[in-house]
Amino acid sequence: MDKSVDLVEKVEKSKTYLGFWIYIMTDCVLFASLFAVYAVLHHNTNGGPSGQSLFSMPYALAETLILLTSSFTSGLSMIAARNNHRSKVIFWLVVTFLLGSTFLYLELHEFNHLVQTGDSWRVSGFLSSYFTLVGTHGLHIFVGLLWMTILTLVVMKRGLTKGSVKGLTLLNIFWHFLDVIWIFIFSVVYLMGHVGL
Amino acid sequence: MYIFAGILGLLNIDAFKHDLIQYFGVAAMTLTAGFVVLALTYFKKWKWLFSEWLTSLDPKRIGVMYIAVAVLMLVKAGTDAGMMRLQQSISVGSNQGFLKPSHYQQVFSAHGTTMIFFAAMGLMFGLINIGVPLLIGSRDVAFPFLNSVSFWLFVAGMLLLNTSLAIGDFSGAGWLAYPPLSELQFSPSTGVDYWIWSLQIAGIGSLLSGINFIVTIIKNRTKGMSLMKMPMFVWSVFGSMTLVIFAFPILTVTITLLYLDRLLGMHFFTGAGGGNPMMYVNLIWAWGHPEVYILILPAFGIFSEIVATFSRKRLFGYTSMVWAIWAIVLLSFTVWLHHFFTMGSGADVNGFFGIMTMIIAIPTGVKIFNWLFTMFRGRIKFASPMIWFMGFIILFSIGGVAGVLLAVPPADFQLNNSLFLVAHFHSMIVSGVLFGYFAGLTYWFPKIYGFSLKDEIGKYAAYFWIVGFIVAFVPLYILGIMGATRRMNHYSSNLGFQSLFIVAGIGVLIIGAGLFIQVIQVASSIRDRKKLQDKTGDPWNGRTLEWSVSSPAPSYNFAILPVVKERDQFWNEKQNQSHKSHNKFKDFYMPKNSYLGLVIAFFAFSLGFAAVWHILWLFIFGLVGVIAVIIIRSLNENRELLVTFNDLSKADQLAIRNEQ
Amino acid sequence: MKKIKVIFLTVIPLLVIYISYLYLRTVNFAILNPKGQVASKEKDIILFAMMLSLFVLIPVFIMLVVFAIRYNEKNLKAKYSPNFDHSKIFESIWWGIPTILIIILSIVTWQSSHSLDPYKPISSSKAPLNIQVVSMNWKWLFIYPDSQVAAVNDLTIPINTPVNLEMTSDAPMNQLWIPQLAGQIMCMPGMVTHLNLIGNTAGTYRGVSSNISGKGFAGMTFNAHVVKDSEYKNWISHARKSPNVLNLKGYQELNVPSEYVPATYYSYASPDLFSYIYNKYMSPANDNMNVGMSY
């Protein structure tokens, strides 16, 4: 048990940990730029629909709760790693993966619906920036899910080694980060859009 | 909608049709590449190239490769400059010159893009790779494999840009591709897409290097080297890389959005449809201004090392210099609007940004005074690095004054986008960035290769560059004040511009001669390398840690990691003749070579090419390939090699035996 | 040998400067030769800022040359203090004096950014003349709403009259520049920018676009004519005699790519034309390709 806590603490002192946090910061700047673009363009509806007419709050809320829960379960997998419980780690990773995939499916479903009804990214600056901001987050989620898959397989095959614990720690940071970004998206895009700001 | 159409996408035979000059360019590139391939085959050096260089994770090797690519790109973009000068010397009145307008516009767009992203950034990353680990007493950077990936992405971006000469065409919208001109409606060819993707790929490489070097500086410093004992070059890299990690994501987003406009019909920056071209201008300069400070700060750092070393004196005002670097880093994010005072943002906004821009002049000036006072009461040896420095002070200060002028909005209203502006930024980049990196190359050359460059020839190169620059750019300052705008491929004969353009053209020829002299310098020094051998490892009587190891430096830099107690410790030990008490030698790990960097570049290039020509299968191939390489590397737990006493260089083994 | 070097290094630059001076006397330094109040004030700012910067530039050059010569290793008489690396006095001077200079310049910057704001109308006893400007591929259209005439590549204005240019673009971003009258302002599609200027000396002044807008960009030159009131009235009547009419159809005929267009006149310019031009970028576009021209 001490061995795994040691491993986690070693990761946190390592160069990779620092480097990854700096990468997360660059990703922050990336999303900040997308938010800035959204802020400038979200009223440019070009005669087409605005957020208020398009966004369904229950839907967005469901997506949010699913993603938040997945962040929680991801944290549980980290705790299991600290306690050196390999099977629990795998279990919670799988649950996180399922929740994350559901989130992604819901998002793609919404995108598809919008495109089918003619409200695609080609219609206006608003829709371009909406699809791109939310879509970039979705792309990050997809990468996270891919990472999760590989990591789960590694833990299954090699157990909780230095390498896999490092990967788990970093994935957790990434996944929580995406959750934080989503909260901003939910607030700025869906909530403010729904209220007409 | 023609997003991804067919197996070859948008590629057809027309993409290969060019005018005579472009064919000549393609031929020149192909012949150069072919010559290199032939030489490698004839001398049976492929294996050597592959195992010693292409797959090496030694930052010194990676640094040399960056510099080699950068110099090639410098020559190519310099040729572009020559073509521009020639066109503008003859294209007056009834003469339309030898370049069609659309071709001329591609030439200056390629000139700017190549110089900034591949020549300047390449020289910078090359010297950072060579200098930083050695100066902080480390054996490598924090993430050696990532370092290789950064380099190979740089190469992939470079190859993509150069492919545009042979297949398709390049952007004609300037080095920053403002919309609406760069949107599909006004730039229907694949040129702008080439611009977007070569920058995108190279930009990711730069971002990864930014992360890499920050962690290196924070984590890899040798024992006892606190931050305030680091050499100034390392501080300047720290500042520059901080700018990289904040600025490059903005570039990534901005050019992606432009690509989405062009590919998917989105409306970020289109004139109609709810787009906002001004948003692009803001975003691109929010990256673009920090970018120029990214380039200049390491050059400042090199000058700090050089002035102190060649004046045989401590760098004046170390603490002040550190503060100046961070003031510049912070301020460079608050000035971007000065690039578009004329976009009509209003007096309050213009005034604010004008004042912020002027404030940046203060820490920059502080650095200049500190260098001058390092010279004061020193004992200066005017080797060629100092000649570069002298040229830098003169030309950079003049350019800086022009900059302060341009920072006043009403003055900028007259001078914006004129040749005065062009002369200003070339003054800063050529005399600051280029001269600094040229000086750095001369300075560190012996450490990498084990022999010095012939300094007398180097001095002549510097003189030619300095004089050439004056002859080439003073006419441009004058032309700007005469009301000449930039990027013109033709102008009327009654304006009195032509004589000045001709003089500027002669200046470019003088600069070209300077570059040629540098090539002669290297070739001649290689030929006489035995005579020029650096036997002590300390050819300049240096101050910092890299001069304490043999030349050429072994791949692991230090057999025993130094312990630092003070700044300029190596110099002090020499002055005091104090005995370096070493720790005992311990076996250590070094990273194994890896060919995966090359593989990622191959896939990245495929992805970029596919994105330009809308070839879906190739895009997926490239994407899957990049992801696969990342996964494969991450699963590899066997990345290091143990280095024991017997693996050390003979010189190091001897030194350790003598100590013990 | 050294004497020859010194002669070489001082005489040749002086000779070059003298020859340049002889040539430059003959050219028109447009920015330093303003013919309008706005350009004139902008020139004053430029010269002031340049003079102020000399306070830093000249000491730097002097120190560079003096230190390089005096502390050259070959000069054995100079004092050598290898550890002299800090001085509070010196630091105060070179943080302090540039700061003071920048403060002075900042005050000038703030004040002049407001007084020379291109959107600010020029105070004058005469009534301002409104002209609408459209940058097109690759020419300039000037619409005179008060007289309902229009001209391409000819901006004729009466002397000593404040002119309010209202500008947009039906092309990529351009930038209007008449160096002897006023500084530059961007023209952007779907947006309206303003430039206030005034011509105080009669004459013909060169105008260009200074932001690249495509392959015909260099052919976007025009002439600005500052003329007496009577001549201005003649110019209007001359324009009214033109067979060309700038209604929507006339505009669409004009709106095909062309460069180096000679001065053309329109006897009638529709009063709705300017707002039509910038509004078409703001109303729903069917497709990127629909707006503007194809080529």
# chains A, B, ... in the order shown; residues from 1 in each chain; ligands from 1
>>> closest_atom_pairs(of="chain A", to="chain C", cutoff="9 Å", atoms="only C-alpha atoms", output="JSON lines")
{"residue": "A:Asn44", "atom": "CA", "partner": "C:Met282", "partner_atom": "CA", "distance": 9.0}
{"residue": "A:Thr45", "atom": "CA", "partner": "C:Pro284", "partner_atom": "CA", "distance": 8.7}
{"residue": "A:Asn46", "atom": "CA", "partner": "C:Pro284", "partner_atom": "CA", "distance": 5.0}
{"residue": "A:Gly47", "atom": "CA", "partner": "C:Pro284", "partner_atom": "CA", "distance": 5.4}
{"residue": "A:Gly48", "atom": "CA", "partner": "C:Pro284", "partner_atom": "CA", "distance": 7.7}
{"residue": "A:Arg122", "atom": "CA", "partner": "C:Asp287", "partner_atom": "CA", "distance": 8.1}
{"residue": "A:Val123", "atom": "CA", "partner": "C:Asn286", "partner_atom": "CA", "distance": 8.2}
{"residue": "A:Ser124", "atom": "CA", "partner": "C:Pro284", "partner_atom": "CA", "distance": 8.2}
>>> write_last_selection(atoms="C-alpha atoms", output="compact mmCIF listing (two decimals), in the first residue's frame")
# COMPACT_ATOMS: atom_id res chain seq x y z
CA ASN A 44 -23.44 37.29 -35.19
CA THR A 45 -26.37 35.10 -36.06
CA ASN A 46 -26.52 36.36 -39.66
CA GLY A 47 -30.30 36.05 -39.75
CA GLY A 48 -30.13 32.51 -38.46
CA ARG A 122 -21.89 27.34 -42.38
CA VAL A 123 -24.83 29.48 -41.41
CA SER A 124 -23.24 32.17 -39.24
>>> residues_around(residues="region 21-23 of chain C", least_positions_apart="5", cutoff="12 Å", atoms="only C-alpha atoms", output="PDB file with C-alpha atoms, in the first residue's frame")
ATOM      1  CA  PRO B 475      16.988  53.715 -48.447  1.00  0.00           C
ATOM      2  CA  ILE B 478      13.879  57.200 -46.619  1.00  0.00           C
ATOM      3  CA  GLY B 496      11.898  59.343 -57.373  1.00  0.00           C
ATOM      4  CA  PHE B 497      11.747  55.899 -55.770  1.00  0.00           C
ATOM      5  CA  GLN B 498      13.787  53.973 -58.280  1.00  0.00           C
ATOM      6  CA  SER B 499      17.295  55.133 -57.388  1.00  0.00           C
ATOM      7  CA  LEU B 500      16.689  54.248 -53.775  1.00  0.00           C
TER       8      LEU B 500
ATOM      9  CA  LEU C  14      30.889  61.248 -45.316  1.00  0.00           C
ATOM     10  CA  LEU C  15      31.103  61.108 -49.098  1.00  0.00           C
ATOM     11  CA  VAL C  16      28.161  58.730 -49.242  1.00  0.00           C
ATOM     12  CA  ASN C  28       9.482  64.838 -52.395  1.00  0.00           C
ATOM     13  CA  PHE C  29       9.490  63.660 -48.812  1.00  0.00           C
TER      14      PHE C  29
END
>>> residues_around(residues="region 127-132 of chain B", least_positions_apart="3", cutoff="7 Å", atoms="only C-alpha atoms", output="PyMOL selection string")
chain B and resi 59-60+63+123-124+135-136+234
>>> closest_residue(among="B:Ala504, B:Leu283, B:Leu395, B:Met266", to="Glu183 (chain B)", atoms="only C-alpha atoms")
B:Met266
>>> select_by_dssp(residues="region 98-179 of chain C", states="helix (DSSP H, G or I)", output="MDAnalysis selection string")
chainID C and resid 98:115
>>> write_last_selection(atoms="C-alpha atoms", output="PDB file, in the first residue's frame")
ATOM      1  CA  PRO C  98      14.414  56.706 -20.172  1.00  0.00           C
ATOM      2  CA  THR C  99      11.397  56.521 -17.845  1.00  0.00           C
ATOM      3  CA  ILE C 100      11.179  60.298 -17.758  1.00  0.00           C
ATOM      4  CA  LEU C 101      11.498  60.507 -21.532  1.00  0.00           C
ATOM      5  CA  ILE C 102       8.829  57.843 -21.952  1.00  0.00           C
ATOM      6  CA  ILE C 103       6.527  59.679 -19.559  1.00  0.00           C
ATOM      7  CA  ILE C 104       6.903  62.838 -21.638  1.00  0.00           C
ATOM      8  CA  LEU C 105       6.275  60.903 -24.800  1.00  0.00           C
ATOM      9  CA  SER C 106       3.312  59.110 -23.221  1.00  0.00           C
ATOM     10  CA  ILE C 107       1.660  62.389 -22.421  1.00  0.00           C
ATOM     11  CA  VAL C 108       2.188  63.506 -26.001  1.00  0.00           C
ATOM     12  CA  THR C 109       0.901  60.119 -27.187  1.00  0.00           C
ATOM     13  CA  TRP C 110      -2.292  60.273 -25.158  1.00  0.00           C
ATOM     14  CA  GLN C 111      -2.973  63.863 -26.052  1.00  0.00           C
ATOM     15  CA  SER C 112      -2.233  63.481 -29.749  1.00  0.00           C
ATOM     16  CA  SER C 113      -4.116  60.198 -30.095  1.00  0.00           C
ATOM     17  CA  HIS C 114      -7.172  62.183 -29.081  1.00  0.00           C
ATOM     18  CA  SER C 115      -6.531  65.389 -30.962  1.00  0.00           C
TER      19      SER C 115
END
>>> residues_around(residues="Ile79 (chain A)", least_positions_apart="2", cutoff="12 Å", atoms="only C-alpha atoms", output="MDAnalysis selection string")
chainID A and resid 1 4:5 8 72:77 81:86 88:90 92:93 165 168:169 172
>>> closest_atom_pairs(of="chain B", to="chain A", cutoff="9 Å", atoms="only C-alpha atoms", output="JSON lines")
{"residue": "B:Ala142", "atom": "CA", "partner": "A:Lys15", "partner_atom": "CA", "distance": 6.7}
{"residue": "B:Phe143", "atom": "CA", "partner": "A:Thr16", "partner_atom": "CA", "distance": 8.1}
{"residue": "B:Leu207", "atom": "CA", "partner": "A:Thr26", "partner_atom": "CA", "distance": 8.5}
{"residue": "B:Leu208", "atom": "CA", "partner": "A:Tyr23", "partner_atom": "CA", "distance": 8.2}
{"residue": "B:Ile211", "atom": "CA", "partner": "A:Gly19", "partner_atom": "CA", "distance": 6.1}
{"residue": "B:Asn212", "atom": "CA", "partner": "A:Gly19", "partner_atom": "CA", "distance": 7.0}
{"residue": "B:Ile214", "atom": "CA", "partner": "A:Gly19", "partner_atom": "CA", "distance": 8.1}
{"residue": "B:Val215", "atom": "CA", "partner": "A:Gly19", "partner_atom": "CA", "distance": 6.0}
{"residue": "B:Thr216", "atom": "CA", "partner": "A:Lys15", "partner_atom": "CA", "distance": 8.2}
{"residue": "B:Ile218", "atom": "CA", "partner": "A:Lys15", "partner_atom": "CA", "distance": 8.9}
{"residue": "B:Lys219", "atom": "CA", "partner": "A:Lys15", "partner_atom": "CA", "distance": 6.7}
{"residue": "B:Asn220", "atom": "CA", "partner": "A:Lys15", "partner_atom": "CA", "distance": 8.9}
{"residue": "B:Ile245", "atom": "CA", "partner": "A:Thr26", "partner_atom": "CA", "distance": 5.8}
{"residue": "B:Phe246", "atom": "CA", "partner": "A:Thr26", "partner_atom": "CA", "distance": 6.2}
{"residue": "B:Ala247", "atom": "CA", "partner": "A:Val29", "partner_atom": "CA", "distance": 8.1}
{"residue": "B:Phe248", "atom": "CA", "partner": "A:Thr26", "partner_atom": "CA", "distance": 8.2}
{"residue": "B:Pro249", "atom": "CA", "partner": "A:Leu30", "partner_atom": "CA", "distance": 4.9}
{"residue": "B:Ile250", "atom": "CA", "partner": "A:Leu30", "partner_atom": "CA", "distance": 6.0}
{"residue": "B:Leu251", "atom": "CA", "partner": "A:Leu30", "partner_atom": "CA", "distance": 8.8}
{"residue": "B:Thr252", "atom": "CA", "partner": "A:Leu30", "partner_atom": "CA", "distance": 7.6}
{"residue": "B:Val253", "atom": "CA", "partner": "A:Leu30", "partner_atom": "CA", "distance": 6.4}
{"residue": "B:Thr254", "atom": "CA", "partner": "A:Ser33", "partner_atom": "CA", "distance": 8.2}
{"residue": "B:Leu257", "atom": "CA", "partner": "A:Thr132", "partner_atom": "CA", "distance": 8.3}
{"residue": "B:Leu260", "atom": "CA", "partner": "A:Ser128", "partner_atom": "CA", "distance": 8.8}
{"residue": "B:Asp261", "atom": "CA", "partner": "A:Ser128", "partner_atom": "CA", "distance": 8.6}
{"residue": "B:Leu264", "atom": "CA", "partner": "A:Arg122", "partner_atom": "CA", "distance": 7.2}
{"residue": "B:Gly265", "atom": "CA", "partner": "A:Arg122", "partner_atom": "CA", "distance": 5.3}
{"residue": "B:Met266", "atom": "CA", "partner": "A:Arg122", "partner_atom": "CA", "distance": 4.8}
{"residue": "B:His267", "atom": "CA", "partner": "A:Gly125", "partner_atom": "CA", "distance": 4.6}
{"residue": "B:Phe268", "atom": "CA", "partner": "A:Gly125", "partner_atom": "CA", "distance": 5.4}
{"residue": "B:Phe269", "atom": "CA", "partner": "A:Gly125", "partner_atom": "CA", "distance": 8.2}
{"residue": "B:Thr270", "atom": "CA", "partner": "A:Gly125", "partner_atom": "CA", "distance": 8.7}
{"residue": "B:Ala272", "atom": "CA", "partner": "A:Asn46", "partner_atom": "CA", "distance": 8.5}
{"residue": "B:Gly273", "atom": "CA", "partner": "A:Ser124", "partner_atom": "CA", "distance": 5.2}
{"residue": "B:Gly274", "atom": "CA", "partner": "A:Gly125", "partner_atom": "CA", "distance": 4.5}
{"residue": "B:Gly275", "atom": "CA", "partner": "A:Gly125", "partner_atom": "CA", "distance": 5.0}
{"residue": "B:Asn276", "atom": "CA", "partner": "A:Leu41", "partner_atom": "CA", "distance": 7.5}
{"residue": "B:Met279", "atom": "CA", "partner": "A:Val37", "partner_atom": "CA", "distance": 7.4}
{"residue": "B:Leu283", "atom": "CA", "partner": "A:Ser33", "partner_atom": "CA", "distance": 8.0}
{"residue": "B:Ile631", "atom": "CA", "partner": "A:Ile150", "partner_atom": "CA", "distance": 8.0}
{"residue": "B:Ser634", "atom": "CA", "partner": "A:Gly163", "partner_atom": "CA", "distance": 8.8}
{"residue": "B:Leu635", "atom": "CA", "partner": "A:Val154", "partner_atom": "CA", "distance": 8.1}
{"residue": "B:Glu637", "atom": "CA", "partner": "A:Gly163", "partner_atom": "CA", "distance": 7.6}
>>> residues_around(residues="Ala150 (chain C)", least_positions_apart="3", cutoff="9 Å", atoms="only C-alpha atoms", output="short mmCIF file (atom, residue, chain, number, x, y, z; two decimals) with N, CA, C and O atoms, in the first residue's frame")
data_model
loop_
_atom_site.label_atom_id
_atom_site.label_comp_id
_atom_site.auth_asym_id
_atom_site.auth_seq_id
_atom_site.Cartn_x
_atom_site.Cartn_y
_atom_site.Cartn_z
N LEU C 141 -13.52 54.15 -55.14
CA LEU C 141 -14.74 54.83 -55.54
C LEU C 141 -15.05 55.92 -54.52
O LEU C 141 -15.06 55.67 -53.32
N PHE C 142 -15.25 57.14 -55.01
CA PHE C 142 -15.58 58.26 -54.13
C PHE C 142 -16.97 58.75 -54.47
O PHE C 142 -17.22 59.19 -55.60
N ILE C 143 -17.87 58.68 -53.50
CA ILE C 143 -19.25 59.11 -53.72
C ILE C 143 -19.47 60.41 -52.95
O ILE C 143 -19.13 60.51 -51.78
N TYR C 144 -20.03 61.38 -53.64
CA TYR C 144 -20.29 62.68 -53.01
C TYR C 144 -21.79 62.75 -52.73
O TYR C 144 -22.55 63.16 -53.62
N PRO C 145 -22.26 62.38 -51.56
CA PRO C 145 -23.71 62.32 -51.33
C PRO C 145 -24.41 63.67 -51.43
O PRO C 145 -25.55 63.75 -51.84
N SER C 147 -23.72 66.17 -53.48
CA SER C 147 -23.95 66.55 -54.88
C SER C 147 -24.47 65.39 -55.71
O SER C 147 -24.79 65.56 -56.87
N ALA C 239 -18.55 66.57 -63.66
CA ALA C 239 -18.94 65.19 -63.36
C ALA C 239 -20.39 64.94 -63.76
O ALA C 239 -20.74 63.87 -64.26
N ARG C 240 -21.22 65.99 -63.56
CA ARG C 240 -22.65 65.81 -63.86
C ARG C 240 -22.91 65.64 -65.34
O ARG C 240 -23.98 65.22 -65.74
N VAL C 245 -23.67 56.41 -65.06
CA VAL C 245 -24.60 56.56 -63.94
C VAL C 245 -24.29 55.47 -62.92
O VAL C 245 -24.16 54.30 -63.28
N LEU C 246 -24.18 55.86 -61.65
CA LEU C 246 -23.85 54.87 -60.63
C LEU C 246 -25.09 54.47 -59.85
O LEU C 246 -25.23 54.74 -58.65
N THR C 264 -12.56 58.25 -63.59
CA THR C 264 -13.86 58.12 -64.25
C THR C 264 -14.89 58.85 -63.44
O THR C 264 -14.78 58.92 -62.22
N TYR C 265 -15.91 59.38 -64.10
CA TYR C 265 -16.90 60.17 -63.37
C TYR C 265 -18.31 59.64 -63.59
O TYR C 265 -18.62 59.06 -64.62
N TYR C 266 -19.16 59.87 -62.61
CA TYR C 266 -20.55 59.44 -62.68
C TYR C 266 -21.44 60.63 -62.40
O TYR C 266 -21.27 61.32 -61.39
N SER C 267 -22.39 60.86 -63.30
CA SER C 267 -23.23 62.05 -63.13
C SER C 267 -24.25 61.86 -62.02
O SER C 267 -24.76 62.81 -61.48
N TYR C 268 -24.53 60.60 -61.70
CA TYR C 268 -25.50 60.37 -60.63
C TYR C 268 -25.02 59.18 -59.80
O TYR C 268 -24.62 58.16 -60.34
N ALA C 269 -25.05 59.37 -58.48
CA ALA C 269 -24.73 58.26 -57.58
C ALA C 269 -25.90 58.06 -56.64
O ALA C 269 -26.30 58.99 -55.94
#
>>> atom_distance(atom1="CA of Leu146 (chain B)", atom2="CA of Tyr259 (chain B)")
26.6 Å
>>> atom_distance(atom1="CA of His614 (chain B)", atom2="CA of Ile204 (chain B)")
21.0 Å
>>> closest_residue(among="C:Ile157, C:Ala218, C:Ile97, C:Ile131", to="chain B", atoms="only C-alpha atoms")
C:Ala218
>>> residues_around(residues="Leu641 (chain B)", least_positions_apart="3", cutoff="10 Å", atoms="only C-alpha atoms", output="count of residues only")
8
>>> residues_around(residues="Met167 (chain C)", least_positions_apart="2", cutoff="6 Å", atoms="only C-alpha atoms", output="list in words")
Gln132, Val133, Val134, Cys187, Val192, Thr193 and His194 of chain C
>>> closest_residue(among="A:Thr102, A:Asn112, A:Ser187, A:Thr96", to="Thr149 (chain A)", atoms="only C-alpha atoms")
A:Thr96
